[in-house]
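K.L.:
Below is one structure. I have some questions about it.
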Amino acid sequence: MAGTAPEIRVLSNRADLVSGGDALIEVQPPKHIAADRITVSLNGKDVTAKFAVRPTGRYQALLTGLRDGRNEVTARVSGGSRNTGAKLTVTNHSDQGPIFAGPQVQPWICETEKFGLGPANGSGCAAPTRYDYFYKSTETNKFEPYDLKMPPASQLVASTTTDEGVTVPYIVRRERGVMDRGIYDIAALFDPDAAWQPWAPQKAWNGKLLAFFHAGASLSHKQGGRAGIPDVFNVQNLGDLPLSRGFAVMTSTLLFGANSMNDIVQAEALTMMKEHFIEDYGPVRYTLSVGWSGGSVPQYTIADNYPGLLDGIAPWWSAPDWWTWTALDVNECSQLGHYFEKADPRLWANPADKAAVGGAPPDGSWCGPTHSLSVSTDRTNLDPRFGCTSSDPEPEWVYNPQTNTRGTRCTLQDYLRGVFAPRASDGFAMRPVDNVGVQYGLTPLLRGQISAAQFVDLNAKVGGTDIDNNWIPARTKADLSALHTAYQAGRIVSGRQLAKVPIFDLESPDGVDIHAKVRPMMLRDRLVAANGHAKNMVLWDANSFSEWTTMAREAFLTLDQWVAGIKADVSNAPVEVKVLRHKPTEARDTCWTDGKPGAECRPTYSKPRIVAGGPVANDILKCQLKPLDWKDYGPIKFTTEQKHMLRTAFPTGVCDWTKRGVGQQEPKATWLTFMNGTGGDPLGPPPRSEPIRR
């Protein structure tokens with residue numbers, strides 16, 4: 001009876017991840033069977049009247065009233081001899097989560113009134129959704145409030161022409177609500193006098209969605225976080241270009257790195273927001289993303305760990321993942337800064353020597369005592385006493401080693417409650433941070449840039465940090481279980497799924513702040529290791545900040561063109577093949593000067609662990625060790641006392657970078673759920689409808 005049963009599909013999400021009590025459902029009748037012969041029920045109740053053949057020619061309905069947990073949707077063919085049917089289990093969750101991200105951080109401070117939503121209701125901080133209208137003024141060239149009861153004169157409302165050639169008054173509706181405990185915004189061109197249904201959207205929408213991530217790195221327990229919500233009318237370096245071309249723009253306080261560094265929650269929030277968008281606005285042709293600095297990280301991690309949510313990504317001022325950023329970057333800069341503050345100034349009188357150890361430009365000091373941003377970021381990411389609310393002092397419920405040892409800890413590992421298991425000794429989350437065996441300054445030593453005395457003193461005294469991020473004389477030791485978890489759960493991006501998306505990575509000159517052009521090189525090396533190439537990644541560098549607006553706009557338009565070509569390709573070729581097949585000629589590595597590509601690039605520098613001999617991929621959290629061997633240092637000669645100091649600093653050996661890291665392995669799967677305990681379990685393939693017989 002193959003082909004005689006209907007097929008039931010959830011269009012708005014995976015059937016097992018639905019939230020909010022509704023789902024956009026499509027029933028595809030068997031061949032040669034008319035849609036009016038299909039009857040549909042939800043949990044035994046006939047809902048056929050909700051279905052209709054829509055303008056798209058498809059038999060669809062927005063089913064509401066789903067109960068929490070499992071729901072059974074059944075479709076049957078009536079009449080004649082074809083009394084066959086199909087069933088699909090749809091699992092509904094609270095629209096305040098969690099769905100797959102695991103236990104939510106507590107406490108959670110509601111801030112709905114701050115964002116104009118009225119008082120919060122319940123622990124999920126829910127509040128009624130509101131809709132506001134704005135227009136682009138011909139007088140001010142800015143977005144002004146649009147009063148539905150007293151609209152402005154038509155000559156005051158600018159017009160815009162979308163990328164599909166549709167010219168409309170430049171009026172935007174912004175939807176604001178609460179989802180997954182965060183405040184979200186959705187903005188789109190909107191005609192206040194016209195209807196909008198998911199199967200009949202307004203003509204100004206081009207069918208595309210832009211997910212707007214934003215910068216920063218913090219671990220907030222507040223709904224609005226430290227930085228609020230990104231401005232959908234002014235996307236970073238793009239302004240209102242996406243809106244003017246017909247894109248819908250979507251964001252959330254949870255997509256702001258300054259508010260949240262939990263990219264699993266960010267993936268969950270994005271999943272929920274996209275579902276809601278499809279149910280209210282219609283199926284999406286494709287989703288692009290943009291975001292710089294702390295807004296770059298979740299683009300990489302989501303595309304690699306939750307493929308399908310993003311179709312093309314634009315991470316700017318990027319880092320591959322939060323643990324590369326935190327454990328292998330700012331933490332090490334902070335550690336070196338501590339050493340330099342205490343070191344004999346006569347030994348490090350030349351600032352270029354410090355810069356060489358940190359991998360910085362000779363005239364810079366990324367990892368020296370003046371690099372306060374690394375120290376500040378390290379404090380807010382790994383110190384349990386700071387960052388939960390960004391208040392000074394923090395509330396009494398925050399951990400304090402003297403007064404509240406059971407308080408909430410403000411570290412990245414504790415923030416990822418569903419990922420890292422608690423330590424048996426104290427209940428604190430296990431930490432995958434380690435510098436045992438790392439020979440800081442090894443490369444400049446071998447190049448003659450620093451002396452043997454500097455190298456020995458540095459490695460003998462650099463020390464490490466304890467679980468509370470206090471400096472200690474000994475090196476930092478990772479919890480071994482946390483290392484395995486970090487790799488298995490995709491906390492270190494492997495790049496194996498990233499070949500399926502075009503990547504436009506934009507960077508700025510090295511040496512001006514915490515960002516570094518070597519970070520996309522880390523990701524590029526991982527792509528090559530995982531996929532044999534990195535041809536889907538394009539790197540544009542600005543030789544000055546004045547290039548950014550022009551460069552970013554061109555990158556966005558080129559990325560849009562690239563993804564459009566991929567989606568228009570209806571061949572059976574794998575998506576990885578389509579990505580390369582439709583790569584625009586403009587999508588090639590280059591540097592920008594005077595508003596144009598093709599300029600000579602400014603130098604790219606490094607990072608402390610790469611300078612210590614580690615791979616450019618910078619994906620080894622804890623290295624395998626080998627015995628000290630003086631022959632490894634070539635012509636460098638150490639005194640007897642210096643050799644003793646190095647043996648004391650490295651009693652178990654030094655890093656062997658030719659081997660994979662301790663616990664380093666491929667992620668266990670994509671689409672992990674952390675609802676069943678720490679470490680994550682694969683969700684498995686999306687549920688599909690099954691044929692049934694009466």
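Residue numbers start at 1 in each chain; chains themselves are named A, B, ... in the order of the structure tokens; ligands are numbered from 1 in the order shown.
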List as a list in words the protein and nucleic acid residues near region 280-292 of chain A, meaning an atom at most 6 Å away when only C-alpha atoms are counted, but skip any in the same chain fewer than 2 places from it.
P.N.:
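Close residues of region 280-292 of chain A: Pro198, Trp199, Gly207, Lys208, Leu209, Leu210, Ala211, Phe212, Phe213, His214, Ala215, Phe277, Ile278, Gly295, Ser296, Leu310, Asp311, Gly312, Ile313, Ala314, Pro315, Trp316 and Trp317 of chain A.
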K.L.:
How would you write, as a list in words, the set of residues in region 382-515 of chain A that DSSP gives as alpha helix (DSSP H)?
P.N.:
Leu382, Leu412, Gln413, Asp414, Tyr415, Leu442, Thr443, Pro444, Leu445, Leu446, Ala452, Ala453, Gln454, Phe455, Val456, Asp457, Leu458, Asn459, Ala460, Lys461, Leu480, Ser481, Ala482, Leu483, His484, Thr485, Ala486, Tyr487 and Gln488 of chain A
K.L.:
Work out how far CA of Asp263 (chain A) is from CA of Phe233 (chain A), in Å to one decimal.
P.N.:
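Atom-to-atom, CA of Phe233 (chain A) to CA of Asp263 (chain A), that is 23.9 Å.
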K.L.:
Rank A:Thr476, A:Ser218, A:Ser19, A:Asn459 by their smallest atom-to-atom distance to Met645 (chain A), using only C-alpha atoms, and report the top residue only.
P.N.:
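So, comparing all the options, the nearest one is A:Asn459.
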K.L.:
Find the residue from A:Cys388, A:Ala52, A:Val265, A:Val157 that sits nearest to Ile109 (chain A); use only C-alpha atoms when measuring.
P.N.:
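The answer is A:Cys388, which sits nearest to Ile109 (chain A).
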K.L.:
Using only C-alpha atoms, find each residue in region 548-648 of chain A having at least one atom no more than 9 Å away from region 344-365 of chain A; report its shortest atom-to-atom pair and that distance in Å (one decimal), rows by chain then rising number, as JSON lines.
P.N.:
```
{"residue": "A:Pro603", "atom": "CA", "partner": "A:Pro361", "partner_atom": "CA", "distance": 8.6}
{"residue": "A:Thr604", "atom": "CA", "partner": "A:Pro361", "partner_atom": "CA", "distance": 8.6}
{"residue": "A:Tyr605", "atom": "CA", "partner": "A:Gly359", "partner_atom": "CA", "distance": 5.8}
{"residue": "A:Ser606", "atom": "CA", "partner": "A:Gly359", "partner_atom": "CA", "distance": 4.2}
{"residue": "A:Lys607", "atom": "CA", "partner": "A:Gly359", "partner_atom": "CA", "distance": 4.7}
{"residue": "A:Pro608", "atom": "CA", "partner": "A:Gly358", "partner_atom": "CA", "distance": 4.5}
{"residue": "A:Arg609", "atom": "CA", "partner": "A:Gly358", "partner_atom": "CA", "distance": 8.3}
{"residue": "A:Ile610", "atom": "CA", "partner": "A:Gly359", "partner_atom": "CA", "distance": 7.9}
{"residue": "A:Val611", "atom": "CA", "partner": "A:Gly359", "partner_atom": "CA", "distance": 6.1}
{"residue": "A:Ala612", "atom": "CA", "partner": "A:Val357", "partner_atom": "CA", "distance": 8.0}
```
